[in-house]
>>> print(open('entry17.txt').read())   # compact mmCIF, C-alpha atoms (C1' of nucleotides)
# COMPACT_ATOMS: atom_id res chain seq x y z
CA MET A 1 -21.28 6.45 22.25
CA ARG A 2 -19.68 9.69 21.20
CA ASP A 3 -18.29 9.27 17.68
CA PRO A 4 -17.12 12.36 15.83
CA LEU A 5 -15.66 10.36 12.95
CA PRO A 6 -18.70 10.35 10.65
CA GLN A 7 -18.46 14.14 10.60
CA LEU A 8 -15.17 13.82 8.76
CA PRO A 9 -15.54 13.56 4.97
CA GLY A 10 -12.31 11.58 4.71
CA TYR A 11 -13.49 9.02 7.21
CA SER A 12 -16.95 8.76 5.69
CA LEU A 13 -15.37 8.35 2.29
CA ARG A 14 -13.32 5.48 3.63
CA ARG A 15 -16.27 3.76 5.25
CA ALA A 16 -18.61 4.31 2.31
CA ALA A 17 -16.06 2.99 -0.14
CA HIS A 18 -15.41 -0.08 1.96
CA ALA A 19 -19.11 -0.82 2.45
CA THR A 20 -19.97 -0.44 -1.21
CA ALA A 21 -16.92 -2.34 -2.38
CA THR A 22 -17.88 -5.28 -0.17
CA GLU A 23 -21.38 -5.36 -1.60
CA LEU A 24 -20.41 -4.96 -5.23
CA GLY A 25 -17.57 -7.39 -4.81
CA ALA A 26 -19.93 -10.08 -3.57
CA ARG A 27 -22.16 -9.62 -6.59
CA LEU A 28 -19.35 -9.64 -9.11
CA ALA A 29 -17.94 -12.74 -7.44
CA THR A 30 -20.92 -14.62 -8.86
CA LEU A 31 -19.27 -14.03 -12.24
CA GLY A 32 -15.85 -15.00 -10.96
CA LEU A 33 -14.73 -11.39 -11.28
CA ARG A 34 -13.33 -8.84 -8.88
CA GLN A 35 -14.05 -5.15 -9.29
CA VAL A 36 -10.69 -4.52 -10.85
CA ASP A 37 -11.26 -7.34 -13.33
CA ALA A 38 -14.54 -5.81 -14.41
CA SER A 39 -12.98 -2.38 -14.84
CA VAL A 40 -10.26 -3.87 -17.01
CA LEU A 41 -12.76 -5.72 -19.20
CA ILE A 42 -14.85 -2.57 -19.58
CA LEU A 43 -11.88 -0.48 -20.57
CA ILE A 44 -10.61 -3.02 -23.09
CA ALA A 45 -14.09 -3.21 -24.60
CA GLU A 46 -14.13 0.55 -25.09
CA ASN A 47 -10.55 0.70 -26.32
CA ALA A 48 -9.67 -2.26 -28.49
CA ASP A 49 -5.97 -2.99 -28.89
CA ILE A 50 -4.99 -0.98 -25.85
CA THR A 51 -1.69 -2.01 -24.28
CA ALA A 52 -1.22 -3.24 -20.74
CA SER A 53 0.80 -0.17 -19.88
CA ALA A 54 -1.81 2.27 -21.16
CA LEU A 55 -4.49 0.35 -19.31
CA GLY A 56 -2.50 0.59 -16.12
CA ARG A 57 -1.99 4.31 -16.56
CA GLN A 58 -5.70 4.91 -17.05
CA LEU A 59 -6.68 2.82 -14.03
CA ASP A 60 -3.74 3.89 -11.89
CA ILE A 61 -2.48 0.36 -11.55
CA GLN A 62 1.26 -0.23 -11.58
CA ARG A 63 2.59 -2.21 -14.52
CA ALA A 64 3.86 -4.80 -12.11
CA ASN A 65 0.39 -5.39 -10.75
CA MET A 66 -1.17 -5.68 -14.20
CA VAL A 67 0.76 -8.87 -14.82
CA PRO A 68 -1.11 -11.33 -12.59
CA LEU A 69 -4.36 -9.49 -13.28
CA LEU A 70 -4.10 -9.93 -17.05
CA LYS A 71 -2.77 -13.45 -16.68
CA LYS A 72 -5.88 -14.48 -14.79
CA LEU A 73 -8.15 -12.98 -17.45
CA GLU A 74 -6.13 -14.63 -20.19
CA ASP A 75 -6.14 -18.00 -18.43
CA GLU A 76 -9.93 -17.78 -18.32
CA ARG A 77 -10.02 -16.98 -22.02
CA LEU A 78 -11.66 -13.62 -21.46
CA ILE A 79 -8.93 -11.61 -23.15
CA GLU A 80 -6.30 -12.26 -25.80
CA ARG A 81 -2.98 -10.60 -26.50
CA GLN A 82 -1.55 -9.85 -29.92
CA PRO A 83 1.96 -8.53 -30.36
CA LEU A 84 2.04 -4.96 -31.64
CA ASP A 85 5.80 -4.92 -32.02
CA GLY A 86 8.67 -6.55 -30.26
CA LYS A 87 7.73 -5.35 -26.81
CA SER A 88 4.11 -4.16 -26.77
CA GLN A 89 1.00 -6.24 -26.96
CA ALA A 90 -2.55 -5.33 -27.90
CA LEU A 91 -5.33 -6.49 -25.61
CA LEU A 92 -8.76 -7.45 -26.83
CA LEU A 93 -11.80 -9.24 -25.54
CA THR A 94 -12.73 -12.72 -26.65
CA ALA A 95 -16.39 -13.47 -27.28
CA ALA A 96 -16.55 -14.95 -23.79
CA GLY A 97 -14.85 -11.86 -22.46
CA ARG A 98 -17.41 -9.59 -24.06
CA ALA A 99 -20.26 -11.66 -22.66
CA ARG A 100 -18.71 -11.61 -19.20
CA MET A 101 -18.12 -7.88 -19.46
CA GLU A 102 -21.75 -7.27 -20.39
CA ALA A 103 -22.95 -9.38 -17.49
CA ALA A 104 -20.68 -7.43 -15.16
CA LEU A 105 -21.95 -4.17 -16.59
CA GLY A 106 -25.50 -5.26 -15.83
CA ILE A 107 -24.60 -5.98 -12.23
CA ILE A 108 -22.69 -2.72 -11.91
CA HIS A 109 -25.43 -0.56 -13.35
CA ALA A 110 -28.04 -2.16 -11.12
CA PHE A 111 -25.76 -1.57 -8.17
CA GLU A 112 -25.15 2.06 -9.08
CA ASP A 113 -28.89 2.61 -9.27
CA GLU A 114 -29.30 1.15 -5.80
CA LEU A 115 -26.52 3.32 -4.47
CA LEU A 116 -28.06 6.48 -5.79
CA ALA A 117 -31.47 5.44 -4.48
CA ARG A 118 -30.08 5.38 -0.95
CA ILE A 119 -29.13 9.03 -1.15
CA PRO A 120 -31.73 11.67 -0.33
CA ALA A 121 -32.85 13.29 -3.56
CA ARG A 122 -31.46 16.72 -2.84
CA HIS A 123 -27.96 15.35 -2.38
CA ARG A 124 -28.05 12.73 -5.10
CA GLU A 125 -26.82 14.58 -8.16
CA HIS A 126 -23.96 16.16 -6.25
CA LEU A 127 -22.19 12.97 -5.28
CA LEU A 128 -20.48 12.15 -8.56
CA PRO A 129 -19.11 15.64 -9.30
CA ALA A 130 -17.98 16.03 -5.70
CA LEU A 131 -16.18 12.69 -5.74
CA ASN A 132 -14.56 13.34 -9.08
CA ALA A 133 -13.27 16.67 -7.83
CA LEU A 134 -11.31 14.77 -5.21
CA TRP A 135 -9.16 12.69 -7.49
CA ARG A 136 -9.42 13.60 -11.18
CA MET B 137 -9.21 7.20 -24.53
CA ARG B 138 -12.82 6.31 -23.96
CA ASP B 139 -13.34 5.74 -20.24
CA PRO B 140 -16.88 5.40 -18.95
CA LEU B 141 -15.75 4.43 -15.46
CA PRO B 142 -15.68 7.91 -13.89
CA GLN B 143 -19.39 8.13 -14.66
CA LEU B 144 -20.01 5.34 -12.18
CA PRO B 145 -20.43 6.55 -8.58
CA GLY B 146 -19.13 3.26 -7.22
CA TYR B 147 -15.95 3.52 -9.23
CA SER B 148 -15.43 7.18 -8.42
CA LEU B 149 -15.97 6.39 -4.78
CA ARG B 150 -13.28 3.75 -4.97
CA ARG B 151 -10.81 6.02 -6.70
CA ALA B 152 -11.52 9.03 -4.51
CA ALA B 153 -11.17 6.98 -1.35
CA HIS B 154 -7.90 5.50 -2.50
CA ALA B 155 -6.45 8.84 -3.55
CA THR B 156 -7.40 10.58 -0.34
CA ALA B 157 -6.32 7.68 1.84
CA THR B 158 -2.90 7.74 0.23
CA GLU B 159 -2.51 11.46 0.92
CA LEU B 160 -3.78 11.39 4.47
CA GLY B 161 -1.82 8.25 5.20
CA ALA B 162 1.41 9.94 4.19
CA ARG B 163 0.74 12.86 6.51
CA LEU B 164 -0.21 10.71 9.47
CA ALA B 165 2.87 8.61 8.90
CA THR B 166 4.90 11.58 10.08
CA LEU B 167 3.37 10.84 13.51
CA GLY B 168 3.99 7.12 13.18
CA LEU B 169 0.27 6.54 12.86
CA ARG B 170 -1.95 4.92 10.27
CA GLN B 171 -5.47 6.15 9.68
CA VAL B 172 -6.95 3.35 11.67
CA ASP B 173 -4.63 4.13 14.60
CA ALA B 174 -5.78 7.74 14.59
CA SER B 175 -9.44 6.73 14.52
CA VAL B 176 -8.88 4.42 17.49
CA LEU B 177 -7.14 7.14 19.48
CA ILE B 178 -9.89 9.61 18.71
CA LEU B 179 -12.61 7.22 19.75
CA ILE B 180 -10.87 6.29 22.99
CA ALA B 181 -10.40 9.98 23.78
CA GLU B 182 -14.12 10.56 23.35
CA ASN B 183 -15.12 7.42 25.23
CA ALA B 184 -12.86 6.73 28.15
CA ASP B 185 -12.84 3.15 29.43
CA ILE B 186 -14.33 1.74 26.26
CA THR B 187 -13.56 -1.94 25.68
CA ALA B 188 -11.73 -3.36 22.71
CA SER B 189 -14.86 -5.15 21.57
CA ALA B 190 -17.03 -2.06 21.70
CA LEU B 191 -14.37 -0.12 19.85
CA GLY B 192 -14.29 -2.75 17.15
CA ARG B 193 -18.04 -2.69 16.79
CA GLN B 194 -18.10 1.06 16.39
CA LEU B 195 -15.32 1.07 13.82
CA ASP B 196 -16.42 -2.14 12.11
CA ILE B 197 -13.17 -3.86 12.87
CA GLN B 198 -13.21 -7.53 13.81
CA ARG B 199 -12.13 -8.34 17.35
CA ALA B 200 -9.34 -10.45 15.96
CA ASN B 201 -7.95 -7.51 14.06
CA MET B 202 -8.06 -5.23 17.07
CA VAL B 203 -5.42 -7.30 18.80
CA PRO B 204 -2.30 -6.29 16.86
CA LEU B 205 -3.68 -2.79 16.44
CA LEU B 206 -4.06 -2.21 20.18
CA LYS B 207 -0.83 -4.00 20.92
CA LYS B 208 1.05 -1.56 18.73
CA LEU B 209 -0.54 1.43 20.45
CA GLU B 210 0.17 -0.07 23.86
CA ASP B 211 3.78 -0.86 22.96
CA GLU B 212 4.21 2.78 22.03
CA ARG B 213 2.72 3.82 25.38
CA LEU B 214 -0.15 5.68 23.71
CA ILE B 215 -2.88 3.68 25.40
CA GLU B 216 -3.22 1.66 28.60
CA ARG B 217 -5.50 -1.19 29.55
CA GLN B 218 -7.16 -1.67 32.91
CA PRO B 219 -9.13 -4.79 33.77
CA LEU B 220 -12.84 -4.12 34.14
CA ASP B 221 -13.61 -7.64 35.25
CA GLY B 222 -12.16 -11.04 34.59
CA LYS B 223 -12.43 -10.81 30.83
CA SER B 224 -12.95 -7.20 29.74
CA GLN B 225 -10.46 -4.39 29.77
CA ALA B 226 -10.95 -0.65 29.73
CA LEU B 227 -8.91 1.37 27.27
CA LEU B 228 -7.67 4.85 27.96
CA LEU B 229 -5.17 7.28 26.54
CA THR B 230 -1.89 8.03 28.21
CA ALA B 231 -0.68 11.61 28.26
CA ALA B 232 1.47 10.78 25.27
CA GLY B 233 -1.52 9.20 23.59
CA ARG B 234 -3.61 12.31 24.08
CA ALA B 235 -0.85 14.49 22.67
CA ARG B 236 -0.46 12.19 19.67
CA MET B 237 -4.20 12.12 19.17
CA GLU B 238 -4.37 15.90 19.18
CA ALA B 239 -1.55 16.14 16.68
CA ALA B 240 -3.35 13.65 14.46
CA LEU B 241 -6.57 15.59 14.79
CA GLY B 242 -4.78 18.71 13.61
CA ILE B 243 -3.49 16.93 10.53
CA ILE B 244 -6.89 15.41 9.86
CA HIS B 245 -8.80 18.65 10.17
CA ALA B 246 -6.38 20.45 7.91
CA PHE B 247 -6.72 17.66 5.41
CA GLU B 248 -10.50 17.70 5.55
CA ASP B 249 -10.46 21.42 4.86
CA GLU B 250 -8.29 20.84 1.82
CA LEU B 251 -10.57 18.10 0.58
CA LEU B 252 -13.63 20.30 0.80
CA ALA B 253 -11.81 23.15 -0.87
CA ARG B 254 -11.28 20.99 -3.95
CA ILE B 255 -14.99 20.54 -4.41
CA PRO B 256 -16.93 23.20 -6.33
CA ALA B 257 -18.95 25.21 -3.83
CA ARG B 258 -22.34 24.12 -5.04
CA HIS B 259 -21.54 20.46 -4.47
CA ARG B 260 -19.53 20.86 -1.30
CA GLU B 261 -22.10 20.61 1.45
CA HIS B 262 -23.75 17.60 -0.17
CA LEU B 263 -20.79 15.28 0.01
CA LEU B 264 -20.93 14.28 3.65
CA PRO B 265 -24.67 13.54 3.82
CA ALA B 266 -24.52 11.67 0.53
CA LEU B 267 -21.61 9.53 1.70
CA ASN B 268 -23.17 8.82 5.05
CA ALA B 269 -26.36 7.67 3.35
CA LEU B 270 -24.33 4.95 1.68
CA TRP B 271 -23.12 3.16 4.77
CA ARG B 272 -24.70 4.36 8.02
C1' DC C 273 -26.76 -23.76 38.58
C1' DG C 274 -26.11 -24.65 33.83
C1' DG C 275 -26.37 -23.32 29.15
C1' DT C 276 -25.36 -19.42 26.24
C1' DA C 277 -23.12 -15.23 24.97
C1' DT C 278 -19.15 -12.44 25.16
C1' DT C 279 -14.17 -11.23 25.43
C1' DG C 280 -9.67 -11.47 24.14
C1' DT C 281 -6.63 -14.12 21.60
C1' DT C 282 -3.86 -17.05 17.96
C1' DA C 283 -3.40 -18.51 13.44
C1' DT C 284 -4.02 -18.09 8.72
C1' DG C 285 -5.14 -16.52 4.18
C1' DG C 286 -6.79 -13.20 0.47
C1' DG C 287 -7.11 -8.75 -1.99
C1' DC C 288 -4.88 -4.85 -3.22
C1' DC C 289 -1.12 -1.97 -3.68
C1' DA C 290 3.92 -0.19 -3.62
C1' DT C 291 8.82 -0.58 -4.66
C1' DA C 292 12.97 -2.29 -6.63
C1' DG C 293 15.22 -4.36 -10.13
C1' DC C 294 15.80 -6.98 -14.50
C1' DT C 295 15.76 -7.70 -19.75
C1' DA C 296 14.43 -6.58 -24.16
C1' DT C 297 12.85 -3.29 -27.27
C1' DC C 298 11.70 1.13 -29.17
C1' DT C 299 12.68 5.98 -30.28
C1' DG C 300 14.58 10.44 -31.11
C1' DG C 301 18.34 13.55 -31.49
C1' DA C 302 23.25 14.22 -32.67
C1' DT D 303 23.03 5.75 -38.73
C1' DC D 304 23.82 5.09 -34.08
C1' DC D 305 23.50 5.31 -29.30
C1' DA D 306 21.46 7.01 -24.90
C1' DG D 307 17.40 7.26 -22.74
C1' DA D 308 12.63 6.03 -22.45
C1' DT D 309 9.33 2.36 -22.47
C1' DA D 310 7.11 -2.43 -22.01
C1' DG D 311 6.59 -6.47 -19.70
C1' DC D 312 7.92 -9.15 -15.98
C1' DT D 313 9.70 -11.28 -11.23
C1' DA D 314 10.06 -10.90 -6.52
C1' DT D 315 8.84 -9.13 -2.30
C1' DG D 316 6.60 -6.85 1.43
C1' DG D 317 2.90 -4.00 3.82
C1' DC D 318 -1.79 -2.87 5.00
C1' DC D 319 -6.31 -4.08 5.71
C1' DC D 320 -9.69 -7.29 6.23
C1' DA D 321 -12.08 -12.00 6.78
C1' DT D 322 -12.71 -16.56 8.88
C1' DA D 323 -12.09 -20.27 12.09
C1' DA D 324 -11.05 -21.89 16.38
C1' DC D 325 -10.11 -21.73 21.41
C1' DA D 326 -10.04 -20.78 26.58
C1' DA D 327 -11.77 -18.05 30.05
C1' DT D 328 -15.28 -15.43 31.86
C1' DA D 329 -19.85 -13.15 32.35
C1' DC D 330 -24.68 -13.32 32.08
C1' DC D 331 -29.37 -14.98 32.44
C1' DG D 332 -33.39 -17.98 32.92
>>> encode(input="entry17.txt", output="structure tokens")
Amino acid sequence: MRDPLPQLPGYSLRRAAHATATELGARLATLGLRQVDASVLILIAENADITASALGRQLDIQRANMVPLLKKLEDERLIERQPLDGKSQALLLTAAGRARMEAALGIIHAFEDELLARIPARHREHLLPALNALWR
Amino acid sequence: MRDPLPQLPGYSLRRAAHATATELGARLATLGLRQVDASVLILIAENADITASALGRQLDIQRANMVPLLKKLEDERLIERQPLDGKSQALLLTAAGRARMEAALGIIHAFEDELLARIPARHREHLLPALNALWR
DNA sequence: CGGTATTGTTATGGGCCATAGCTATCTGGA
DNA sequence: TCCAGATAGCTATGGCCCATAACAATACCG
């Protein structure tokens, strides 16, 4: 079959992202986490007392969509909220949250290693800077 | 803010794909097309009389999800179906479909050029082979 | 010829994201 | 000090994309 699509970086980006997201998602699901959950836990771990709004800005997630996301993590006792003032709240990991985050980080790092291993050596180091040039 | 996420290829892939999909989607929307519509039109143009099932296999779209997709394109008179036998149907572009496909291709190629231009020259040529190694 | 595979289809649900709008609170400049 | 505008958190809603299950009709193959 003639298929010119894989010659298009935008299309390949789409397919590669979908394929890798499916794989990583399946592995994180063993922890009861989605990718976005893991990224939130990681960012809270690195930035204690961050607010939901700041977290959303960093991850490019609308405030509205942070609500159910954080509620799920709070319901599972992975994060806690402490009022900073009358309208803001500081987010921090519980002990369980830190443990879950570290488990997720293990899965993610193993996965990243596998990803890079699939790429021919001469292209490997160029992937990350090329990708980051597209959105940062 | 400390943010280790952009150091992870999987995360950067996710963000880059989302950012570029949003941009390209907005441009294709001026033609009344989504990205997946454009990819279907392109593939039918290159492979006249392809079946819906074969198209889905090539694009990794479930048969069930091809139904509303093709129905939309047929309703807009961009594609036509001709029975191949009692259960299969050949897909082909109408004249309007070919024109729409070519317009989409113009938008896509212009967009791809812009994408590549954002990438520092020494990384540029490595993106496509690196991406394709991740899913093909 | 009969069992199996394939095709097209309906129905349904989840994940992720966007937008609009609301209330309460904070903040900075007059 | 005070008030207008910015900000934080939230509800509600809808769209896109994808996955699964199930079904009838048809094609294929040993």
>>> calpha_fit_and_write(input="entry17.txt", fixed="chain B", moving="chain A", output="PDB file with C-alpha atoms, in the frame of the given file")
ATOM      1  CA  MET A   1      -9.138   7.210 -24.495  1.00  0.00           C
ATOM      2  CA  ARG A   2     -12.744   6.295 -23.928  1.00  0.00           C
ATOM      3  CA  ASP A   3     -13.277   5.721 -20.202  1.00  0.00           C
ATOM      4  CA  PRO A   4     -16.826   5.389 -18.925  1.00  0.00           C
ATOM      5  CA  LEU A   5     -15.717   4.410 -15.427  1.00  0.00           C
ATOM      6  CA  PRO A   6     -15.659   7.877 -13.844  1.00  0.00           C
ATOM      7  CA  GLN A   7     -19.368   8.109 -14.628  1.00  0.00           C
ATOM      8  CA  LEU A   8     -19.979   5.322 -12.144  1.00  0.00           C
ATOM      9  CA  PRO A   9     -20.425   6.528  -8.550  1.00  0.00           C
ATOM     10  CA  GLY A  10     -19.107   3.234  -7.196  1.00  0.00           C
ATOM     11  CA  TYR A  11     -15.937   3.487  -9.218  1.00  0.00           C
ATOM     12  CA  SER A  12     -15.411   7.149  -8.403  1.00  0.00           C
ATOM     13  CA  LEU A  13     -15.961   6.364  -4.755  1.00  0.00           C
ATOM     14  CA  ARG A  14     -13.266   3.732  -4.954  1.00  0.00           C
ATOM     15  CA  ARG A  15     -10.787   5.998  -6.686  1.00  0.00           C
ATOM     16  CA  ALA A  16     -11.515   9.005  -4.484  1.00  0.00           C
ATOM     17  CA  ALA A  17     -11.158   6.955  -1.335  1.00  0.00           C
ATOM     18  CA  HIS A  18      -7.883   5.474  -2.491  1.00  0.00           C
ATOM     19  CA  ALA A  19      -6.451   8.843  -3.526  1.00  0.00           C
ATOM     20  CA  THR A  20      -7.407  10.568  -0.303  1.00  0.00           C
ATOM     21  CA  ALA A  21      -6.318   7.669   1.863  1.00  0.00           C
ATOM     22  CA  THR A  22      -2.877   7.732   0.250  1.00  0.00           C
ATOM     23  CA  GLU A  23      -2.500  11.433   0.929  1.00  0.00           C
ATOM     24  CA  LEU A  24      -3.776  11.387   4.486  1.00  0.00           C
ATOM     25  CA  GLY A  25      -1.821   8.258   5.219  1.00  0.00           C
ATOM     26  CA  ALA A  26       1.419   9.927   4.191  1.00  0.00           C
ATOM     27  CA  ARG A  27       0.743  12.836   6.512  1.00  0.00           C
ATOM     28  CA  LEU A  28      -0.213  10.706   9.478  1.00  0.00           C
ATOM     29  CA  ALA A  29       2.878   8.587   8.891  1.00  0.00           C
ATOM     30  CA  THR A  30       4.907  11.569  10.083  1.00  0.00           C
ATOM     31  CA  LEU A  31       3.384  10.831  13.493  1.00  0.00           C
ATOM     32  CA  GLY A  32       4.004   7.117  13.185  1.00  0.00           C
ATOM     33  CA  LEU A  33       0.268   6.541  12.875  1.00  0.00           C
ATOM     34  CA  ARG A  34      -1.947   4.936  10.278  1.00  0.00           C
ATOM     35  CA  GLN A  35      -5.471   6.167   9.667  1.00  0.00           C
ATOM     36  CA  VAL A  36      -6.954   3.361  11.678  1.00  0.00           C
ATOM     37  CA  ASP A  37      -4.634   4.150  14.580  1.00  0.00           C
ATOM     38  CA  ALA A  38      -5.778   7.750  14.596  1.00  0.00           C
ATOM     39  CA  SER A  39      -9.436   6.753  14.521  1.00  0.00           C
ATOM     40  CA  VAL A  40      -8.888   4.453  17.477  1.00  0.00           C
ATOM     41  CA  LEU A  41      -7.122   7.154  19.490  1.00  0.00           C
ATOM     42  CA  ILE A  42      -9.889   9.636  18.702  1.00  0.00           C
ATOM     43  CA  LEU A  43     -12.602   7.248  19.753  1.00  0.00           C
ATOM     44  CA  ILE A  44     -10.868   6.304  22.996  1.00  0.00           C
ATOM     45  CA  ALA A  45     -10.404   9.991  23.781  1.00  0.00           C
ATOM     46  CA  GLU A  46     -14.125  10.592  23.366  1.00  0.00           C
ATOM     47  CA  ASN A  47     -15.116   7.439  25.218  1.00  0.00           C
ATOM     48  CA  ALA A  48     -12.841   6.740  28.148  1.00  0.00           C
ATOM     49  CA  ASP A  49     -12.837   3.174  29.439  1.00  0.00           C
ATOM     50  CA  ILE A  50     -14.332   1.763  26.274  1.00  0.00           C
ATOM     51  CA  THR A  51     -13.576  -1.910  25.680  1.00  0.00           C
ATOM     52  CA  ALA A  52     -11.758  -3.333  22.690  1.00  0.00           C
ATOM     53  CA  SER A  53     -14.887  -5.116  21.563  1.00  0.00           C
ATOM     54  CA  ALA A  54     -17.062  -2.008  21.692  1.00  0.00           C
ATOM     55  CA  LEU A  55     -14.389  -0.079  19.840  1.00  0.00           C
ATOM     56  CA  GLY A  56     -14.315  -2.712  17.147  1.00  0.00           C
ATOM     57  CA  ARG A  57     -18.079  -2.659  16.803  1.00  0.00           C
ATOM     58  CA  GLN A  58     -18.135   1.108  16.388  1.00  0.00           C
ATOM     59  CA  LEU A  59     -15.349   1.104  13.803  1.00  0.00           C
ATOM     60  CA  ASP A  60     -16.445  -2.103  12.106  1.00  0.00           C
ATOM     61  CA  ILE A  61     -13.181  -3.820  12.854  1.00  0.00           C
ATOM     62  CA  GLN A  62     -13.244  -7.494  13.768  1.00  0.00           C
ATOM     63  CA  ARG A  63     -12.144  -8.331  17.293  1.00  0.00           C
ATOM     64  CA  ALA A  64      -9.374 -10.426  15.855  1.00  0.00           C
ATOM     65  CA  ASN A  65      -7.951  -7.462  14.003  1.00  0.00           C
ATOM     66  CA  MET A  66      -8.101  -5.190  17.042  1.00  0.00           C
ATOM     67  CA  VAL A  67      -5.469  -7.290  18.759  1.00  0.00           C
ATOM     68  CA  PRO A  68      -2.334  -6.296  16.834  1.00  0.00           C
ATOM     69  CA  LEU A  69      -3.704  -2.779  16.413  1.00  0.00           C
ATOM     70  CA  LEU A  70      -4.078  -2.207  20.155  1.00  0.00           C
ATOM     71  CA  LYS A  71      -0.829  -3.997  20.887  1.00  0.00           C
ATOM     72  CA  LYS A  72       1.065  -1.556  18.705  1.00  0.00           C
ATOM     73  CA  LEU A  73      -0.536   1.431  20.434  1.00  0.00           C
ATOM     74  CA  GLU A  74       0.169  -0.080  23.830  1.00  0.00           C
ATOM     75  CA  ASP A  75       3.777  -0.881  22.935  1.00  0.00           C
ATOM     76  CA  GLU A  76       4.221   2.779  22.021  1.00  0.00           C
ATOM     77  CA  ARG A  77       2.723   3.820  25.339  1.00  0.00           C
ATOM     78  CA  LEU A  78      -0.134   5.674  23.697  1.00  0.00           C
ATOM     79  CA  ILE A  79      -2.870   3.671  25.385  1.00  0.00           C
ATOM     80  CA  GLU A  80      -3.214   1.670  28.585  1.00  0.00           C
ATOM     81  CA  ARG A  81      -5.513  -1.175  29.530  1.00  0.00           C
ATOM     82  CA  GLN A  82      -7.161  -1.672  32.897  1.00  0.00           C
ATOM     83  CA  PRO A  83      -9.112  -4.801  33.712  1.00  0.00           C
ATOM     84  CA  LEU A  84     -12.828  -4.155  34.117  1.00  0.00           C
ATOM     85  CA  ASP A  85     -13.572  -7.691  35.222  1.00  0.00           C
ATOM     86  CA  GLY A  86     -12.127 -11.065  34.500  1.00  0.00           C
ATOM     87  CA  LYS A  87     -12.436 -10.815  30.749  1.00  0.00           C
ATOM     88  CA  SER A  88     -12.971  -7.188  29.710  1.00  0.00           C
ATOM     89  CA  GLN A  89     -10.480  -4.390  29.752  1.00  0.00           C
ATOM     90  CA  ALA A  90     -10.952  -0.636  29.724  1.00  0.00           C
ATOM     91  CA  LEU A  91      -8.908   1.378  27.258  1.00  0.00           C
ATOM     92  CA  LEU A  92      -7.651   4.857  27.955  1.00  0.00           C
ATOM     93  CA  LEU A  93      -5.156   7.279  26.535  1.00  0.00           C
ATOM     94  CA  THR A  94      -1.863   8.019  28.214  1.00  0.00           C
ATOM     95  CA  ALA A  95      -0.652  11.609  28.255  1.00  0.00           C
ATOM     96  CA  ALA A  96       1.502  10.777  25.245  1.00  0.00           C
ATOM     97  CA  GLY A  97      -1.499   9.196  23.601  1.00  0.00           C
ATOM     98  CA  ARG A  98      -3.582  12.309  24.085  1.00  0.00           C
ATOM     99  CA  ALA A  99      -0.826  14.488  22.662  1.00  0.00           C
ATOM    100  CA  ARG A 100      -0.440  12.195  19.668  1.00  0.00           C
ATOM    101  CA  MET A 101      -4.192  12.131  19.167  1.00  0.00           C
ATOM    102  CA  GLU A 102      -4.359  15.924  19.184  1.00  0.00           C
ATOM    103  CA  ALA A 103      -1.540  16.157  16.673  1.00  0.00           C
ATOM    104  CA  ALA A 104      -3.336  13.658  14.457  1.00  0.00           C
ATOM    105  CA  LEU A 105      -6.556  15.605  14.807  1.00  0.00           C
ATOM    106  CA  GLY A 106      -4.757  18.725  13.626  1.00  0.00           C
ATOM    107  CA  ILE A 107      -3.492  16.935  10.547  1.00  0.00           C
ATOM    108  CA  ILE A 108      -6.894  15.406   9.867  1.00  0.00           C
ATOM    109  CA  HIS A 109      -8.809  18.643  10.188  1.00  0.00           C
ATOM    110  CA  ALA A 110      -6.380  20.454   7.914  1.00  0.00           C
ATOM    111  CA  PHE A 111      -6.741  17.638   5.426  1.00  0.00           C
ATOM    112  CA  GLU A 112     -10.529  17.694   5.571  1.00  0.00           C
ATOM    113  CA  ASP A 113     -10.472  21.414   4.875  1.00  0.00           C
ATOM    114  CA  GLU A 114      -8.299  20.830   1.829  1.00  0.00           C
ATOM    115  CA  LEU A 115     -10.593  18.097   0.616  1.00  0.00           C
ATOM    116  CA  LEU A 116     -13.649  20.267   0.830  1.00  0.00           C
ATOM    117  CA  ALA A 117     -11.812  23.130  -0.858  1.00  0.00           C
ATOM    118  CA  ARG A 118     -11.279  20.962  -3.926  1.00  0.00           C
ATOM    119  CA  ILE A 119     -15.002  20.527  -4.393  1.00  0.00           C
ATOM    120  CA  PRO A 120     -16.951  23.162  -6.307  1.00  0.00           C
ATOM    121  CA  ALA A 121     -18.974  25.186  -3.833  1.00  0.00           C
ATOM    122  CA  ARG A 122     -22.373  24.086  -5.037  1.00  0.00           C
ATOM    123  CA  HIS A 123     -21.545  20.437  -4.456  1.00  0.00           C
ATOM    124  CA  ARG A 124     -19.546  20.843  -1.277  1.00  0.00           C
ATOM    125  CA  GLU A 125     -22.151  20.587   1.452  1.00  0.00           C
ATOM    126  CA  HIS A 126     -23.772  17.571  -0.160  1.00  0.00           C
ATOM    127  CA  LEU A 127     -20.795  15.256   0.012  1.00  0.00           C
ATOM    128  CA  LEU A 128     -20.947  14.269   3.667  1.00  0.00           C
ATOM    129  CA  PRO A 129     -24.694  13.535   3.834  1.00  0.00           C
ATOM    130  CA  ALA A 130     -24.538  11.655   0.543  1.00  0.00           C
ATOM    131  CA  LEU A 131     -21.624   9.528   1.718  1.00  0.00           C
ATOM    132  CA  ASN A 132     -23.192   8.817   5.070  1.00  0.00           C
ATOM    133  CA  ALA A 133     -26.372   7.679   3.365  1.00  0.00           C
ATOM    134  CA  LEU A 134     -24.341   4.952   1.705  1.00  0.00           C
ATOM    135  CA  TRP A 135     -23.150   3.158   4.788  1.00  0.00           C
ATOM    136  CA  ARG A 136     -24.725   4.374   8.037  1.00  0.00           C
TER     137      ARG A 136
END
>>> closest_residue(input="entry17.txt", among="B:Leu195, B:Ala188, B:Leu209, B:Leu169", to="chain A", atoms="only C-alpha atoms")
B:Leu195
>>> residues_near_point(input="entry17.txt", point="(1.7, 0.0, -17.6)", cutoff="8 Å", atoms="all atoms listed in the file", output="ChimeraX atom specification")
/A:51-57,61-64,66 /D:310
